[in-house]
Protein chains: 4
Amino acid sequence: MQHTETVEISGHLMDSGILSQVLDDIREYGGDYVIERFDVGHDAGDPSYAQIQVAAEDDEALQRLLMRLQTRGVNQTDPGEATIAEADADGVFPDGFYSTTNLETKVRLDGAWIRVDNPEMDCGLVVEQVEGARRVRTLPMVDVRRGMQIVAGASGIRVEPLRTDRSEESFGFMESDVSSEKPQAVLVRQVADGMRQAKANGQNVLWVGGPGVVHTGAAPAMVELVKAGFVDVLFAGNALATHDIESSLYGTSLGIDLAVGKGVEHGHEHHIRAINTIRKAGSIRAAVEQGVLTGGIMHALVTAGKEFVLVGSVRDDGPLPDVYTDVIEGQRAMRAGLTDVGFCLMVATMLHSVATGNILPASVPLVCVDINPATVTKLADRGSSQARGIVTDVGLFVEQLAGELVPDYRRR
Amino acid sequence: MQHTETVEISGHLMDSGILSQVLDDIREYGGDYVIERFDVGHDAGDPSYAQIQVAAEDDEALQRLLMRLQTRGVNQTDPGEATIAEADADGVFPDGFYSTTNLETKVRLDGAWIRVDNPEMDCGLVVEQVEGARRVRTLPMVDVRRGMQIVAGASGIRVEPLRTDRSEESFGFMESDVSSEKPQAVLVRQVADGMRQAKANGQNVLWVGGPGVVHTGAAPAMVELVKAGFVDVLFAGNALATHDIESSLYGTSLGIDLAVGKGVEHGHEHHIRAINTIRKAGSIRAAVEQGVLTGGIMHALVTAGKEFVLVGSVRDDGPLPDVYTDVIEGQRAMRAGLTDVGFCLMVATMLHSVATGNILPASVPLVCVDINPATVTKLADRGSSQARGIVTDVGLFVEQLAGELVPDYRRR
Amino acid sequence: MQHTETVEISGHLMDSGILSQVLDDIREYGGDYVIERFDVGHDAGDPSYAQIQVAAEDDEALQRLLMRLQTRGVNQTDPGEATIAEADADGVFPDGFYSTTNLETKVRLDGAWIRVDNPEMDCGLVVEQVEGARRVRTLPMVDVRRGMQIVAGASGIRVEPLRTDRSEESFGFMESDVSSEKPQAVLVRQVADGMRQAKANGQNVLWVGGPGVVHTGAAPAMVELVKAGFVDVLFAGNALATHDIESSLYGTSLGIDLAVGKGVEHGHEHHIRAINTIRKAGSIRAAVEQGVLTGGIMHALVTAGKEFVLVGSVRDDGPLPDVYTDVIEGQRAMRAGLTDVGFCLMVATMLHSVATGNILPASVPLVCVDINPATVTKLADRGSSQARGIVTDVGLFVEQLAGELVPDYRRR
Amino acid sequence: MQHTETVEISGHLMDSGILSQVLDDIREYGGDYVIERFDVGHDAGDPSYAQIQVAAEDDEALQRLLMRLQTRGVNQTDPGEATIAEADADGVFPDGFYSTTNLETKVRLDGAWIRVDNPEMDCGLVVEQVEGARRVRTLPMVDVRRGMQIVAGASGIRVEPLRTDRSEESFGFMESDVSSEKPQAVLVRQVADGMRQAKANGQNVLWVGGPGVVHTGAAPAMVELVKAGFVDVLFAGNALATHDIESSLYGTSLGIDLAVGKGVEHGHEHHIRAINTIRKAGSIRAAVEQGVLTGGIMHALVTAGKEFVLVGSVRDDGPLPDVYTDVIEGQRAMRAGLTDVGFCLMVATMLHSVATGNILPASVPLVCVDINPATVTKLADRGSSQARGIVTDVGLFVEQLAGELVPDYRRR
């Protein structure tokens, strides 16, 4: 193990459990370590500082270990300079490319630290000249073009770990685990507070939703939340939009009346006919303008001038004309929709939640609500360490959220 | 297959799927059948009638098959007379004893039909002389005493199937399956209606609860429901009462403050200390009277003069002095608590829900609320065919139920 | 309700519960019915026959109800002639288009019954002239072109219901419900029998898999099943292939050694680097040919000359160069892969299982294996009524399946 | 916060995350802390040492916080002497009694450290004179008798934390989380190794099982494991024994043939009749001796002279004559059965798993196998921190375990 590097981390190391994860990482990557220095924060509010020498068998292994550690907020004590490699082919990173985290990141070039524009995990870093200045931004693999200047290795890179002092965090209470046994009314109120704060900061609230929003009867409450300004952007798939539109078009005419609680089973042709109707109109917006679509979540979004990005999946029927059928284009549209997002709520969807978690900076507060604990766990496992989970009923949750946020909201 | 019997069933056979279950039963028991007559109900509201000849290898197999079919509401066309056998030993039924359903049941003795007092599944039927009259009641195996007159075989017995016309049932909408994807606000309202109706009939509302009621923050809402008269009897275990009392005794003093949403992990000594405190007082009632216990669900029940039956389990700490540690005695106390019950709500408990399902007549409306679909499914599989399931968050559900039932109820 | 039509259904109506579903459908669509004739199958093996007059408020409602009933195998007694409407625009069906089932279907044109080529649910039916003959095939909405001749309404269409006599079906035992409490060794053997039978008939075995196949350690057993000829086609996403390739490329070098059971958490850069490596090679096949990829499931498929269709999703990193990023093109590739499929096994994936269920004819035996009961339930709810579910551990299941099917297979 | 005490902890503090839990505890109990000294273990193999001053509002709060910290292996630097209080009443501890952990514990009396006989959580400590010597043992609350000498407060008590260096633990791989996505064949092998090691040490293997063992078809494999000597003690309830016996008595006669995979639904009278049969015989052993019971798990245990403890629950039918109906007596019988247990496997039961976890010393390796992740999580949450979870199919798991442990074991 002749290849070594000294790294450092500071913050609330003692009570966050982060150090244990860092040492786990080193072991998993087959490396070794010596803790060279450890300055403990004596009082409950003090930060701690650790300096660790890590070792690996060869330089490639060392570089990869250093990149891994950066996902925990661990940086090299002597960062050095970033190394640049040129892309040989479209859609392919050079060997040894730096693989990004979703944390705030800086790159050191010619002695100067440059802040990376848009933190996103599992990307590369491309260095560009923009209006005479050097700029570094995250780049998905599929967008690599031959000749691009890509950062390689872990040198010259510094990430800023998330603040880990739980006592100060507004969502600290949800942190310890994902549980269905928590006082739910409090959780609702805290999500409401998070949304209000984002709006107060002039930021957008992003919702990511699955068709369960419609099936659990949460749509009317969500419509009120759209009108009250607490849904600026919606990321979803074909299913949420289709079931919402189907419910508006056929909700009462065919006896599948949400108002009296009849169940909805797939296999009905309603949904395919609803899609055909919107395709005929040309788009969801066109259907609203033509008076074809007169209610529901999608109608509310169009009417209120809010944004939605629908990205398709292989199980889709139709799909609706607004749906991105190419998932790479869909990802690009979702990235564009993240601008100014200051709070993200995910409800009743695994697929689009994970997709959003993939591209969302760790700095955006993120709450995931699902009746299935696995959805919530999955998100955190995938690297969205800021995700807070609430295992509860989506219908009642959105209902209560509207009760908190919408003045004079009355339960149906 | 020389041993045959002709059975009949009537009702909404076509749209209830019951006939398919009956024929499945015959096949599973190794029997055979011929449908001798089938009078179809032509219009949607008409009942149908089926007469079926069933056959089995020997008389014992036939008798057991006939008993099985009675759980579906299938009776012998010619019921004959009940056969009586004498119990040879305490706690043991005679061979071939009739095993009961939870349906309304009549027994024919000397040409007269006698109504069974207290329908309960998996019991025997004992014939007694009470004040000069013959009486038949269900008898748990453990209560058999030598010399008792026990009904044997399926002759002379008639059960009355549950009404199966779904369109008329108030809980019909929940019937098709257990689902977390149902409009929840409607379900809340319908449970409220069920409770109101029971009270209007002068009947009691029975709650069966687990500790999740406390962990999800539902306790304050449940306290209001107790005060408003919608909780007449509570069946629970040591855990619900302990966590409720622990929350009252230590809720704020130690920082595990439900009001700000801190999680509660087992391993704290609070619960064991709370139990010790109540044991020192002598009982929960005594603790209330001594001013030791001043809040929570148990306090509300004592203060309002309502009944509770706490039955222990092998995982209990303590237990509280009010807990039945002998489960057979606990079952007896629960049976006594069923008198006049007209509606049953089960929340967040598998063990006590199944226990209650075991002894509850099928005629009592039964709704089971849990975030775990398995709890709800299990109940129906165990024979409580009248059970309606709601897969939702218990905290928000009880909160909304209080909103429906308690005048001027405000969310905390 | 002046608009009426007479429909009929035959088969094992009594013990399949199908009649109850049919009458439910009528009620849900706001229709009414009279059972005009009911010929009961007297013995257990006899089919029954029902003739039912259905009524609806107007013709559109009636036509839609008739289409719905066809998903249950209910046809019009007097089928009449199919009605044809012309498509006005690309990608849009004419109003009132016939929405297909996944059952065998015939269309009556000018008095002749024409068999539909490729049954698939939620499509339209297009009538074409092919080499002088009229041909009818299912058509996804997105493939509609202006001027196409599309079948409208339910007249002139006949579907052939699935055989419903459970006692004769090899998978009959799994039918009653989805359960984790079944003797699993028997289930493994029956799936093995299903695969052997497909191969004996000269048909292909289709696998649909998720990344859980790799995470549960099932990959080596699956590789043996590929070599033994029991995997002809694989439908999957980017994740299964990526994790399989990552495991081959980095399985031992970095200490995340599947052989000793270390867990794998996302966030490592391995997977993104594995994808980059394959993109550099050009394709999975190229990587095998260049000696870059030397083991695992994808390697085995390439080496054995088997087919795979990878369709992407919005949560994908990369993706691998072989992945269809356009889901509509991916669906087309999957449809092409269905040719000659005689058995389908779905393991550890919700997304691709539902996608495959959408396009698979109901005549292909289909078994879905997952540790999560919801996956299995979802598939059946979506219309794949032939689906049989096994709730079990995927790793041990594939291991045991290899034990049944691969001669001299030894456990690792 | 004038009341302070200095505590210490040593071991692999850095990579175990334990320090973070300790500081969480202090915060939850409303206390404060200063880290006075922290000696970091520099190399991966070195232990660390922390000395922390904790503070609380009053002495009672401080004592309770100190007890809480002991569950993490944190002891007072200056332990002092144990305080003794006398019990005033039967079944009630004195106020401020010391509440135990399941760790190795010593009590200091008159300057001498006395080892506590039988570590068990949530008990008190009673000091007795036994044959002239002082002895300290754990005492359940229900067994307190007036006049007993009970340890109060946290002074004079020292617990020995579990070894936390994961790299050395044989079950270390399972530690990080409960997951269904682990290479299962490896897990099976490691459980087999754990059992072999216990037997090699002359210790007993304890199984705790639920009825799922029978329903998943695992009974034949478990019977072979009994015969091969890998089941010394079984803790279960009425259900496992009843379904096992029912399967032996009626397995083939009534067509519910496990060998061909028919599902078993409750509501059949088989189980109640099976119980009656055993009650008539007098006991399970008597039924074996009379030739009434000739197969299954219970038969194998009786024949092999192995021990079983059946403890009832409120949902039981019957119960079998061997079942403890008083749960306190059942707990006592389970405690007696723990002697010499060196390995514990829990399969398919929540209730009896938690009950066993309550009384099992933390030093006994414990593996919990269930298809439901919640069971496994619950166990760890309740304080059995040594529990390792495997989320998998019970039927296939026990089958494979028999394949590892039983020579010439062949799959059925």
# chains A, B, ... in the order shown; residues from 1 in each chain; ligands from 1
>>> interface_residues(of="chain C", to="chain B", cutoff="9 Å", atoms="only C-alpha atoms", output="PDB file with N, CA and C atoms, in the first residue's frame")
ATOM      1  N   LEU C  13     -68.119 -21.427 -15.426  1.00  0.00           N
ATOM      2  CA  LEU C  13     -68.574 -20.183 -14.829  1.00  0.00           C
ATOM      3  C   LEU C  13     -68.770 -20.300 -13.331  1.00  0.00           C
ATOM      4  N   MET C  14     -69.175 -21.507 -12.894  1.00  0.00           N
ATOM      5  CA  MET C  14     -69.567 -21.666 -11.506  1.00  0.00           C
ATOM      6  C   MET C  14     -68.380 -21.583 -10.570  1.00  0.00           C
ATOM      7  N   ASP C  15     -67.291 -22.212 -10.944  1.00  0.00           N
ATOM      8  CA  ASP C  15     -66.189 -22.276  -9.990  1.00  0.00           C
ATOM      9  C   ASP C  15     -65.065 -21.300 -10.313  1.00  0.00           C
ATOM     10  N   SER C  16     -65.272 -20.448 -11.282  1.00  0.00           N
ATOM     11  CA  SER C  16     -64.195 -19.514 -11.609  1.00  0.00           C
ATOM     12  C   SER C  16     -64.451 -18.122 -11.051  1.00  0.00           C
ATOM     13  N   GLY C  17     -65.649 -17.875 -10.599  1.00  0.00           N
ATOM     14  CA  GLY C  17     -65.948 -16.542 -10.083  1.00  0.00           C
ATOM     15  C   GLY C  17     -66.093 -15.502 -11.181  1.00  0.00           C
ATOM     16  N   ILE C  18     -66.027 -15.935 -12.454  1.00  0.00           N
ATOM     17  CA  ILE C  18     -66.002 -14.969 -13.553  1.00  0.00           C
ATOM     18  C   ILE C  18     -67.339 -14.236 -13.684  1.00  0.00           C
ATOM     19  N   LEU C  19     -68.422 -14.955 -13.373  1.00  0.00           N
ATOM     20  CA  LEU C  19     -69.733 -14.342 -13.538  1.00  0.00           C
ATOM     21  C   LEU C  19     -69.908 -13.172 -12.578  1.00  0.00           C
ATOM     22  N   SER C  20     -69.355 -13.356 -11.401  1.00  0.00           N
ATOM     23  CA  SER C  20     -69.443 -12.267 -10.423  1.00  0.00           C
ATOM     24  C   SER C  20     -68.695 -11.032 -10.919  1.00  0.00           C
ATOM     25  N   GLN C  21     -67.576 -11.248 -11.599  1.00  0.00           N
ATOM     26  CA  GLN C  21     -66.823 -10.119 -12.141  1.00  0.00           C
ATOM     27  C   GLN C  21     -67.583  -9.444 -13.272  1.00  0.00           C
ATOM     28  N   VAL C  22     -68.225 -10.253 -14.096  1.00  0.00           N
ATOM     29  CA  VAL C  22     -68.985  -9.714 -15.222  1.00  0.00           C
ATOM     30  C   VAL C  22     -70.110  -8.814 -14.710  1.00  0.00           C
ATOM     31  N   LEU C  23     -70.822  -9.287 -13.685  1.00  0.00           N
ATOM     32  CA  LEU C  23     -71.945  -8.493 -13.182  1.00  0.00           C
ATOM     33  C   LEU C  23     -71.444  -7.238 -12.462  1.00  0.00           C
ATOM     34  N   ASP C  24     -70.271  -7.360 -11.826  1.00  0.00           N
ATOM     35  CA  ASP C  24     -69.631  -6.167 -11.250  1.00  0.00           C
ATOM     36  C   ASP C  24     -69.343  -5.126 -12.325  1.00  0.00           C
ATOM     37  N   ARG C  27     -72.393  -3.222 -13.392  1.00  0.00           N
ATOM     38  CA  ARG C  27     -72.794  -2.238 -12.400  1.00  0.00           C
ATOM     39  C   ARG C  27     -71.858  -1.023 -12.411  1.00  0.00           C
ATOM     40  N   ASP C  32     -77.304  -2.148 -16.706  1.00  0.00           N
ATOM     41  CA  ASP C  32     -78.244  -3.037 -16.024  1.00  0.00           C
ATOM     42  C   ASP C  32     -78.249  -4.374 -16.768  1.00  0.00           C
ATOM     43  N   TYR C  33     -78.831  -5.402 -16.150  1.00  0.00           N
ATOM     44  CA  TYR C  33     -78.836  -6.694 -16.842  1.00  0.00           C
ATOM     45  C   TYR C  33     -80.024  -7.548 -16.444  1.00  0.00           C
ATOM     46  N   VAL C  34     -80.344  -8.471 -17.322  1.00  0.00           N
ATOM     47  CA  VAL C  34     -81.267  -9.557 -17.029  1.00  0.00           C
ATOM     48  C   VAL C  34     -80.592 -10.836 -17.493  1.00  0.00           C
ATOM     49  N   ILE C  35     -80.535 -11.830 -16.603  1.00  0.00           N
ATOM     50  CA  ILE C  35     -79.978 -13.120 -17.017  1.00  0.00           C
ATOM     51  C   ILE C  35     -81.088 -13.872 -17.739  1.00  0.00           C
ATOM     52  N   GLU C  36     -80.950 -13.997 -19.048  1.00  0.00           N
ATOM     53  CA  GLU C  36     -82.043 -14.582 -19.836  1.00  0.00           C
ATOM     54  C   GLU C  36     -82.044 -16.097 -19.776  1.00  0.00           C
ATOM     55  N   ARG C  37     -80.846 -16.637 -19.693  1.00  0.00           N
ATOM     56  CA  ARG C  37     -80.768 -18.095 -19.714  1.00  0.00           C
ATOM     57  C   ARG C  37     -79.530 -18.508 -18.962  1.00  0.00           C
ATOM     58  N   PHE C  38     -79.620 -19.595 -18.222  1.00  0.00           N
ATOM     59  CA  PHE C  38     -78.454 -20.077 -17.504  1.00  0.00           C
ATOM     60  C   PHE C  38     -78.486 -21.591 -17.495  1.00  0.00           C
ATOM     61  N   ASP C  39     -77.616 -22.217 -18.274  1.00  0.00           N
ATOM     62  CA  ASP C  39     -77.534 -23.676 -18.309  1.00  0.00           C
ATOM     63  C   ASP C  39     -76.362 -24.090 -17.441  1.00  0.00           C
ATOM     64  N   VAL C  40     -76.692 -24.714 -16.318  1.00  0.00           N
ATOM     65  CA  VAL C  40     -75.642 -25.023 -15.365  1.00  0.00           C
ATOM     66  C   VAL C  40     -74.961 -26.340 -15.751  1.00  0.00           C
ATOM     67  N   GLY C  41     -73.643 -26.374 -15.585  1.00  0.00           N
ATOM     68  CA  GLY C  41     -72.920 -27.641 -15.762  1.00  0.00           C
ATOM     69  C   GLY C  41     -73.100 -28.449 -14.504  1.00  0.00           C
ATOM     70  N   HIS C  42     -73.779 -29.576 -14.621  1.00  0.00           N
ATOM     71  CA  HIS C  42     -74.189 -30.278 -13.406  1.00  0.00           C
ATOM     72  C   HIS C  42     -73.029 -30.941 -12.690  1.00  0.00           C
ATOM     73  N   ASP C  43     -72.192 -31.639 -13.429  1.00  0.00           N
ATOM     74  CA  ASP C  43     -71.054 -32.291 -12.784  1.00  0.00           C
ATOM     75  C   ASP C  43     -69.876 -31.336 -12.713  1.00  0.00           C
ATOM     76  N   ALA C  44     -68.916 -31.725 -11.881  1.00  0.00           N
ATOM     77  CA  ALA C  44     -67.775 -30.842 -11.650  1.00  0.00           C
ATOM     78  C   ALA C  44     -67.035 -30.519 -12.946  1.00  0.00           C
ATOM     79  N   ILE C  52     -77.027 -13.234 -21.233  1.00  0.00           N
ATOM     80  CA  ILE C  52     -77.369 -12.075 -20.416  1.00  0.00           C
ATOM     81  C   ILE C  52     -77.734 -10.891 -21.308  1.00  0.00           C
TER      82      ILE C  52
END
>>> select_by_dssp(residues="range 267-387 of chain A", states="strand (DSSP E)", output="PyMOL selection string")
chain A and resi 307-310+341-347+366-370+387
>>> residues_around(residues="His352 in chain A", least_positions_apart="5", cutoff="9 Å", atoms="only C-alpha atoms", output="MDAnalysis selection string")
(chainID A and resid 208:210 235:237 311 346 357) or (chainID C and resid 314:315)
>>> write_last_selection(atoms="C-alpha atoms", output="compact mmCIF listing (two decimals), in the first residue's frame")
# COMPACT_ATOMS: atom_id res chain seq x y z
CA VAL A 208 -42.83 14.62 -7.87
CA GLY A 209 -45.91 12.43 -8.04
CA GLY A 210 -47.23 9.03 -9.01
CA PHE A 235 -42.43 15.95 -12.35
CA ALA A 236 -44.46 12.87 -13.16
CA GLY A 237 -45.03 10.14 -15.67
CA VAL A 311 -41.34 11.59 -18.68
CA MET A 346 -42.18 13.36 -3.57
CA GLY A 357 -33.05 12.30 -6.56
CA VAL C 314 -35.89 8.09 -16.48
CA ARG C 315 -33.86 7.03 -13.45
>>> residues_around(residues="Val226 in chain B", least_positions_apart="2", cutoff="12 Å", atoms="only C-alpha atoms", output="ChimeraX atom specification")
/B:205-207,219-224,228-234,296-308,398,402,405-406
>>> atom_distance(atom1="CA of Leu293 in chain A", atom2="CA of Leu240 in chain A")
15.0 Å
>>> select_by_dssp(residues="range 96-223 of chain C", states="helix (DSSP H, G or I)", output="ChimeraX atom specification")
/C:141-143,166-168,172-174,184-200,212-215,219-223
>>> write_last_selection(atoms="C-alpha atoms", output="PDB file, in the first residue's frame")
ATOM      1  CA  MET C 141     -52.063   4.190 -30.521  1.00  0.00           C
ATOM      2  CA  VAL C 142     -48.724   5.752 -31.300  1.00  0.00           C
ATOM      3  CA  ASP C 143     -48.476   3.800 -34.562  1.00  0.00           C
ATOM      4  CA  ARG C 166     -58.473 -24.931 -12.670  1.00  0.00           C
ATOM      5  CA  SER C 167     -58.249 -28.618 -12.023  1.00  0.00           C
ATOM      6  CA  GLU C 168     -56.655 -29.147 -15.413  1.00  0.00           C
ATOM      7  CA  GLY C 172     -53.832 -24.039 -11.062  1.00  0.00           C
ATOM      8  CA  PHE C 173     -52.507 -24.265  -7.563  1.00  0.00           C
ATOM      9  CA  MET C 174     -51.154 -20.756  -7.656  1.00  0.00           C
ATOM     10  CA  GLN C 184     -41.972 -23.350  -2.257  1.00  0.00           C
ATOM     11  CA  ALA C 185     -40.112 -26.424  -3.412  1.00  0.00           C
ATOM     12  CA  VAL C 186     -43.221 -27.519  -5.281  1.00  0.00           C
ATOM     13  CA  LEU C 187     -43.539 -24.142  -6.948  1.00  0.00           C
ATOM     14  CA  VAL C 188     -39.951 -24.299  -8.178  1.00  0.00           C
ATOM     15  CA  ARG C 189     -40.575 -27.695  -9.716  1.00  0.00           C
ATOM     16  CA  GLN C 190     -43.710 -26.522 -11.496  1.00  0.00           C
ATOM     17  CA  VAL C 191     -41.942 -23.537 -13.029  1.00  0.00           C
ATOM     18  CA  ALA C 192     -39.215 -25.903 -14.213  1.00  0.00           C
ATOM     19  CA  ASP C 193     -41.895 -28.104 -15.788  1.00  0.00           C
ATOM     20  CA  GLY C 194     -43.398 -25.094 -17.545  1.00  0.00           C
ATOM     21  CA  MET C 195     -40.036 -24.192 -19.052  1.00  0.00           C
ATOM     22  CA  ARG C 196     -39.291 -27.745 -20.146  1.00  0.00           C
ATOM     23  CA  GLN C 197     -42.685 -27.967 -21.803  1.00  0.00           C
ATOM     24  CA  ALA C 198     -42.109 -24.726 -23.736  1.00  0.00           C
ATOM     25  CA  LYS C 199     -38.736 -26.003 -24.956  1.00  0.00           C
ATOM     26  CA  ALA C 200     -40.299 -29.361 -25.866  1.00  0.00           C
ATOM     27  CA  GLY C 212     -32.357  -7.791  -7.755  1.00  0.00           C
ATOM     28  CA  VAL C 213     -31.283 -10.810  -9.782  1.00  0.00           C
ATOM     29  CA  VAL C 214     -27.688  -9.624  -9.340  1.00  0.00           C
ATOM     30  CA  HIS C 215     -28.034  -8.299  -5.776  1.00  0.00           C
ATOM     31  CA  ALA C 219     -26.504 -14.362 -11.393  1.00  0.00           C
ATOM     32  CA  PRO C 220     -24.288 -17.493 -11.386  1.00  0.00           C
ATOM     33  CA  ALA C 221     -27.357 -19.750 -11.358  1.00  0.00           C
ATOM     34  CA  MET C 222     -28.919 -17.701 -14.137  1.00  0.00           C
ATOM     35  CA  VAL C 223     -25.706 -17.986 -16.183  1.00  0.00           C
TER      36      VAL C 223
END
>>> residues_around(residues="range 390-392 of chain B", least_positions_apart="6", cutoff="6 Å", atoms="only C-alpha atoms", output="ChimeraX atom specification")
/A:393 /B:180,369-371,373
>>> write_last_selection(atoms="C-alpha atoms", output="PDB file, in the first residue's frame")
ATOM      1  CA  ASP A 393     -51.223   7.497   3.575  1.00  0.00           C
TER       2      ASP A 393
ATOM      3  CA  SER B 180     -54.082   1.489  -0.161  1.00  0.00           C
ATOM      4  CA  VAL B 369     -57.318   0.018   9.762  1.00  0.00           C
ATOM      5  CA  ASP B 370     -53.604  -0.572   9.428  1.00  0.00           C
ATOM      6  CA  ILE B 371     -50.723   0.756   7.367  1.00  0.00           C
ATOM      7  CA  PRO B 373     -51.887  -4.644   4.195  1.00  0.00           C
TER       8      PRO B 373
END
>>> atom_distance(atom1="CA of Thr100 in chain C", atom2="CA of Leu125 in chain C")
7.3 Å
>>> residues_around(residues="Gln290 in chain B", least_positions_apart="4", cutoff="12 Å", atoms="only C-alpha atoms", output="list of chain:residue names")
B:Thr277, B:Ile278, B:Lys280, B:Ala281, B:Gly282, B:Ser283, B:Ile284, B:Arg285, B:Ala286, B:Thr294, B:His299
>>> write_last_selection(atoms="N, CA and C atoms", output="PDB file, in the first residue's frame")
ATOM      1  N   THR B 277     -44.809   2.180  38.186  1.00  0.00           N
ATOM      2  CA  THR B 277     -45.601   3.222  38.851  1.00  0.00           C
ATOM      3  C   THR B 277     -47.065   2.803  38.989  1.00  0.00           C
ATOM      4  N   ILE B 278     -47.606   2.229  37.941  1.00  0.00           N
ATOM      5  CA  ILE B 278     -49.013   1.794  38.002  1.00  0.00           C
ATOM      6  C   ILE B 278     -49.163   0.578  38.919  1.00  0.00           C
ATOM      7  N   LYS B 280     -47.443   0.041  41.505  1.00  0.00           N
ATOM      8  CA  LYS B 280     -47.372   0.588  42.859  1.00  0.00           C
ATOM      9  C   LYS B 280     -48.731   1.163  43.273  1.00  0.00           C
ATOM     10  N   ALA B 281     -49.395   1.816  42.329  1.00  0.00           N
ATOM     11  CA  ALA B 281     -50.717   2.391  42.619  1.00  0.00           C
ATOM     12  C   ALA B 281     -51.758   1.302  42.811  1.00  0.00           C
ATOM     13  N   GLY B 282     -51.546   0.147  42.196  1.00  0.00           N
ATOM     14  CA  GLY B 282     -52.480  -0.958  42.351  1.00  0.00           C
ATOM     15  C   GLY B 282     -53.220  -1.312  41.089  1.00  0.00           C
ATOM     16  N   SER B 283     -53.600  -0.299  40.323  1.00  0.00           N
ATOM     17  CA  SER B 283     -54.307  -0.527  39.072  1.00  0.00           C
ATOM     18  C   SER B 283     -54.359   0.796  38.312  1.00  0.00           C
ATOM     19  N   ILE B 284     -54.778   0.734  37.067  1.00  0.00           N
ATOM     20  CA  ILE B 284     -54.894   1.960  36.283  1.00  0.00           C
ATOM     21  C   ILE B 284     -55.943   2.877  36.906  1.00  0.00           C
ATOM     22  N   ARG B 285     -57.079   2.290  37.277  1.00  0.00           N
ATOM     23  CA  ARG B 285     -58.123   3.103  37.927  1.00  0.00           C
ATOM     24  C   ARG B 285     -57.590   3.759  39.200  1.00  0.00           C
ATOM     25  N   ALA B 286     -56.899   2.972  40.004  1.00  0.00           N
ATOM     26  CA  ALA B 286     -56.346   3.517  41.244  1.00  0.00           C
ATOM     27  C   ALA B 286     -55.375   4.651  40.949  1.00  0.00           C
ATOM     28  N   THR B 294     -52.902  11.354  34.811  1.00  0.00           N
ATOM     29  CA  THR B 294     -53.797  12.500  34.619  1.00  0.00           C
ATOM     30  C   THR B 294     -54.149  12.764  33.149  1.00  0.00           C
ATOM     31  N   HIS B 299     -56.639   7.028  30.866  1.00  0.00           N
ATOM     32  CA  HIS B 299     -57.238   7.989  31.789  1.00  0.00           C
ATOM     33  C   HIS B 299     -58.631   8.395  31.313  1.00  0.00           C
TER      34      HIS B 299
END
>>> closest_residue(among="C:Val327, C:Ala154, C:Ala287, C:Ile84", to="Val126 in chain C", atoms="only C-alpha atoms")
C:Ile84
